[in-house]
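A quick write-up on the structure given underneath.
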Amino acid sequence: MHSAEAEFAKRGHTRSGLPVYTPGVPSPLVDELHREFRRIADPEKAPAMQAYMKSELPFLGVQSSPRKRVQRRVFAEHFPGTATQWRRDVRDLFDTAEHRELWYAATDLATAAKARDFRVASSLSLMDHLIKGSAWWDVVDAVASHGVGDLLSRYPDQIAPKMLSWSTSSHLWRRRTSIICQLRFKASTDLELLQQCIAPNIADKDFFIRKAIGWALREYAKTDPDTVRRYVRDHEVELSGLSRREALKNIHG
């Protein structure tokens with residue numbers, strides 16, 4: 001294993017962490033996505049895409065725009081009719097993926113607006129599966145902000161305690177999720193929860209945690225810059241330079 005690959009494996013960024021999963025007969029949605037992604041793939045682009053994402057899982061060579069066009073059509077034609085089928089399709093796409101584009105399709109299906117009624121508080125376990133199984137920012141950040149965030153906004157009494165627990169998890173990407181899950185909340189941000197999730201991570205030396213803290217504060221600063229400015233001032237010693245710079249990036253004066 002090359003040194004870069006060893007570093008990502010050390011972070012848990014491997015497929016070996018996924019539990020054994022035996023899918024049933026692929027649904028029309030899963031079957032067509034596999035077929036269409038192969039049809040539009042450009043294998044010449046695949047190595048560069050894999051290198052950019054530092055991914056152990058190879059790419060087919062399907063770039064974002066054509067992938068999303070295919071997904072929109074396939075989702076419109078074959079969207080799961082039940083929560084059970086939705087969960088199964090997400091797991092089929094994600095757990096059996098031989099190429100990273102299928103992870104992206106699973107993420108988009110899990111967080112789709114059309115699946116909102118299927119996402120109930122217990123769906124956090126599915127989101128957690130994607131987070132721990134991918135263990136990298138491309139999947140984690142989308143699941144955190146669109147999936148976990150949606151659950152937190154609708155089931156705060158059940159999900160907020162989970163985020164507090166995740167904020168002290170041994171799993172890096174759970175901790176990142178607890179910090180950034182409110183990125184889209186604006187004035188609805190639970191500031192106390194955000195601060196409580198930042199607190200056990202504030203002195204963490206990992207880039208992805210430091211970046212998450214700064215990112216979450218920067219987004220909230222669009223709503224309440226004075227509070228963020230004050231928070232950074234009060235925690236100047238504990239916050240990393242990266243977190244401080246990110247938090248204050250768009251605050252002037």
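Going through the structure tokens in order, the chains are called A, B, and so on, while each chain numbers its residues from 1 and the ligands are numbered from 1 in the order shown.
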
Give me, as a tab-separated table, the closest atom pair and its distance (Å, one decimal) for every residue of range 132-217 of chain A within a cut-off of 8 Å of range 229-240 of chain A, counting only C-alpha atoms, rows sorted by chain and rising number.
```
residue	atom	partner	partner_atom	distance
A:Ile202	CA	A:Leu239	CA	5.8
A:Ala203	CA	A:Glu238	CA	5.6
A:Arg210	CA	A:Ser240	CA	6.7
```

If we count only C-alpha atoms, what is near range 42-47 of chain A at a cut-off of 7 Å, once residues fewer than 5 positions away on the same chain are taken out, given as a PyMOL selection string?
chain A and resi 59-62

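Nearest to Met53 in chain A of all the residues A:Ala110, A:Val139, A:Ile179, A:Val70 is A:Val139, counting only C-alpha atoms.
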
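Shortest separation to Asp128 in chain A among A:Phe37, A:Phe208, A:Trp173, A:Trp215 occurs at residue A:Trp173, atoms counted being only C-alpha atoms.
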
Pick from A:Lys186, A:Arg175, A:Arg244, A:Arg119 nearest to Arg87 in chain A, counting only C-alpha atoms:
A:Arg119

Just the residues within 8 Å of Lys211 in chain A, please, counting only C-alpha atoms, with nothing from its chain fewer than 6 positions along; format it as a PyMOL selection string.
chain A and resi 242-243+246

Put those residues in a file: N, CA, C and O atoms, as a compact mmCIF listing (two decimals), in the first residue's frame.
```
# COMPACT_ATOMS: atom_id res chain seq x y z
N LEU A 242 -6.70 27.93 11.84
CA LEU A 242 -7.58 27.59 10.73
C LEU A 242 -9.03 27.84 11.10
O LEU A 242 -9.78 28.47 10.32
N SER A 243 -9.44 27.39 12.27
CA SER A 243 -10.84 27.59 12.69
C SER A 243 -11.17 29.07 12.82
O SER A 243 -12.25 29.51 12.40
N GLU A 246 -11.40 30.73 9.27
CA GLU A 246 -12.62 30.34 8.58
C GLU A 246 -13.85 31.01 9.20
O GLU A 246 -14.74 31.48 8.51
```

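Minimum atom-to-atom distances from A:Ser122, A:Gln158, A:Gln85, A:Ser153 to Arg184 in chain A were compared using only C-alpha atoms, and the lowest value belongs to A:Ser153.
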
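Taking CA of Phe94 in chain A as the reference point, CA of Arg176 in chain A is found at 20.7 Å.
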
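Proximity to Thr84 in chain A at 12 Å, evaluated using only C-alpha atoms and with sequence-adjacent residues fewer than 3 positions away removed, yields A:Pro80, A:Gly81, A:Arg87, A:Arg88, A:Asp89, A:Val90, A:Arg91, A:Ala115, A:Asp117, A:Phe118, A:Arg119, A:Val120, A:Ser123, A:Leu126.
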
Mind writing the picked residues with all heavy atoms as a tab-separated table (two decimals), in the first residue's frame?
```tsv
chain	number	residue	atom	x	y	z
A	80	PRO	N	-38.36	4.86	-5.12
A	80	PRO	CA	-38.96	3.86	-4.22
A	80	PRO	C	-40.33	4.31	-3.72
A	80	PRO	O	-40.52	5.47	-3.36
A	80	PRO	CB	-37.95	3.76	-3.07
A	80	PRO	CG	-36.67	4.24	-3.65
A	80	PRO	CD	-37.02	5.28	-4.67
A	81	GLY	N	-41.24	3.36	-3.65
A	81	GLY	CA	-42.60	3.70	-3.21
A	81	GLY	C	-42.81	3.54	-1.73
A	81	GLY	O	-43.84	3.99	-1.20
A	87	ARG	N	-34.74	2.38	1.77
A	87	ARG	CA	-33.56	1.94	2.54
A	87	ARG	C	-32.81	0.85	1.80
A	87	ARG	O	-31.57	0.87	1.75
A	87	ARG	CB	-33.99	1.45	3.93
A	87	ARG	CG	-34.43	2.53	4.87
A	87	ARG	CD	-34.55	2.00	6.30
A	87	ARG	NE	-35.55	0.94	6.41
A	87	ARG	CZ	-36.83	1.17	6.66
A	87	ARG	NH1	-37.28	2.41	6.82
A	87	ARG	NH2	-37.68	0.15	6.76
A	88	ARG	N	-33.55	-0.08	1.22
A	88	ARG	CA	-32.89	-1.18	0.51
A	88	ARG	C	-32.11	-0.66	-0.69
A	88	ARG	O	-30.98	-1.10	-0.94
A	88	ARG	CB	-33.93	-2.21	0.07
A	88	ARG	CG	-33.34	-3.44	-0.60
A	88	ARG	CD	-34.42	-4.45	-0.97
A	88	ARG	NE	-35.05	-4.97	0.24
A	88	ARG	CZ	-36.36	-4.97	0.45
A	88	ARG	NH1	-37.19	-4.45	-0.46
A	88	ARG	NH2	-36.86	-5.47	1.55
A	89	ASP	N	-32.70	0.27	-1.44
A	89	ASP	CA	-32.00	0.81	-2.61
A	89	ASP	C	-30.74	1.58	-2.20
A	89	ASP	O	-29.70	1.47	-2.87
A	89	ASP	CB	-32.94	1.73	-3.41
A	89	ASP	CG	-33.96	0.94	-4.23
A	89	ASP	OD1	-33.86	-0.30	-4.29
A	89	ASP	OD2	-34.87	1.58	-4.80
A	90	VAL	N	-30.84	2.36	-1.13
A	90	VAL	CA	-29.65	3.08	-0.65
A	90	VAL	C	-28.55	2.09	-0.29
A	90	VAL	O	-27.39	2.25	-0.69
A	90	VAL	CB	-30.00	3.98	0.55
A	90	VAL	CG1	-28.73	4.55	1.18
A	90	VAL	CG2	-30.93	5.11	0.14
A	91	ARG	N	-28.92	1.04	0.46
A	91	ARG	CA	-27.93	0.05	0.87
A	91	ARG	C	-27.38	-0.72	-0.34
A	91	ARG	O	-26.17	-1.00	-0.40
A	91	ARG	CB	-28.54	-0.92	1.88
A	91	ARG	CG	-28.81	-0.32	3.25
A	91	ARG	CD	-27.53	0.00	4.01
A	91	ARG	NE	-26.69	-1.15	4.22
A	91	ARG	CZ	-26.74	-1.98	5.27
A	91	ARG	NH1	-27.65	-1.77	6.22
A	91	ARG	NH2	-25.91	-3.00	5.38
A	115	ALA	N	-37.62	11.84	-0.65
A	115	ALA	CA	-37.58	10.79	0.37
A	115	ALA	C	-37.83	11.35	1.76
A	115	ALA	O	-37.68	10.62	2.75
A	115	ALA	CB	-36.22	10.08	0.33
A	117	ASP	N	-40.41	12.00	3.55
A	117	ASP	CA	-41.36	11.28	4.39
A	117	ASP	C	-40.81	9.94	4.86
A	117	ASP	O	-41.28	9.38	5.86
A	117	ASP	CB	-42.67	11.05	3.63
A	117	ASP	CG	-43.48	12.33	3.45
A	117	ASP	OD1	-43.18	13.32	4.15
A	117	ASP	OD2	-44.39	12.35	2.59
A	118	PHE	N	-39.84	9.40	4.13
A	118	PHE	CA	-39.22	8.13	4.53
A	118	PHE	C	-38.18	8.35	5.63
A	118	PHE	O	-37.87	7.41	6.37
A	118	PHE	CB	-38.53	7.46	3.33
A	118	PHE	CG	-39.45	7.11	2.19
A	118	PHE	CD1	-38.94	7.01	0.90
A	118	PHE	CD2	-40.80	6.88	2.40
A	118	PHE	CE1	-39.77	6.68	-0.16
A	118	PHE	CE2	-41.64	6.55	1.34
A	118	PHE	CZ	-41.13	6.46	0.06
A	119	ARG	N	-37.63	9.57	5.69
A	119	ARG	CA	-36.59	9.84	6.69
A	119	ARG	C	-37.24	10.19	8.02
A	119	ARG	O	-37.71	11.30	8.22
A	119	ARG	CB	-35.69	11.00	6.23
A	119	ARG	CG	-34.69	10.62	5.16
A	119	ARG	CD	-33.63	11.70	4.94
A	119	ARG	NE	-34.20	12.96	4.55
A	119	ARG	CZ	-34.46	13.33	3.29
A	119	ARG	NH1	-34.19	12.52	2.29
A	119	ARG	NH2	-35.00	14.50	3.02
A	120	VAL	N	-37.25	9.23	8.91
A	120	VAL	CA	-37.76	9.44	10.26
A	120	VAL	C	-36.57	9.37	11.21
A	120	VAL	O	-35.44	9.12	10.78
A	120	VAL	CB	-38.83	8.39	10.61
A	120	VAL	CG1	-40.07	8.59	9.74
A	120	VAL	CG2	-38.29	6.98	10.45
A	123	SER	N	-34.01	6.80	10.93
A	123	SER	CA	-33.17	6.80	9.73
A	123	SER	C	-31.76	7.27	10.02
A	123	SER	O	-30.89	7.17	9.15
A	123	SER	CB	-33.79	7.69	8.64
A	123	SER	OG	-35.09	7.27	8.31
A	126	LEU	N	-29.20	4.77	9.16
A	126	LEU	CA	-28.81	4.67	7.76
A	126	LEU	C	-27.80	5.76	7.42
A	126	LEU	O	-26.80	5.50	6.73
A	126	LEU	CB	-30.04	4.80	6.87
A	126	LEU	CG	-29.80	4.75	5.35
A	126	LEU	CD1	-29.19	3.41	4.94
A	126	LEU	CD2	-31.10	5.01	4.59
```

For Gln195 in chain A, which residue out of A:Trp86, A:Phe79, A:Trp137, A:Tyr220 is the nearest one, using only C-alpha atoms?
A:Tyr220

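CA of Leu248 in chain A to CA of Leu191 in chain A spans 16.7 Å [interatomic distance, one decimal].
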
If you run DSSP on the backbone here, which positions in range 2-132 of chain A get helix (DSSP H, G or I)? Please write them as a PyMOL selection string.
chain A and resi 3-10+15-17+28-40+46-53+64-78+83-95+100-110+113-115+121-132

What lies within 8 Å of Val74 in chain A using only C-alpha atoms, ignoring chain neighbours under 3 positions off, as a PyMOL selection string?
chain A and resi 29+32-33+70-71+77-79

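Residues lying within 10 Å of Asn250 in chain A, counting only C-alpha atoms and ignoring same-chain neighbours fewer than 4 positions away, are Arg218, Glu219, Ala221, Lys222, Pro225, Arg245 and Glu246 of chain A.
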
Residues from last step as file, C-alpha atoms, as a short mmCIF file (atom, residue, chain, number, x, y, z; two decimals), in the first residue's frame:
```cif
data_model
loop_
_atom_site.label_atom_id
_atom_site.label_comp_id
_atom_site.auth_asym_id
_atom_site.auth_seq_id
_atom_site.Cartn_x
_atom_site.Cartn_y
_atom_site.Cartn_z
CA ARG A 218 -18.70 30.96 9.24
CA GLU A 219 -22.14 29.83 8.11
CA ALA A 221 -21.94 34.32 11.02
CA LYS A 222 -24.09 35.04 7.96
CA PRO A 225 -21.83 37.89 12.97
CA ARG A 245 -9.71 32.31 9.98
CA GLU A 246 -12.62 30.34 8.58
#
```

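The smallest atom-to-atom distance between Glu101 in chain A and any of A:Thr82, A:Thr177, A:Ser55, A:Gln182, using only C-alpha atoms, is found for A:Ser55.
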
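The spacing separating CA of Pro200 in chain A from CA of Ser167 in chain A amounts to 6.9 Å.
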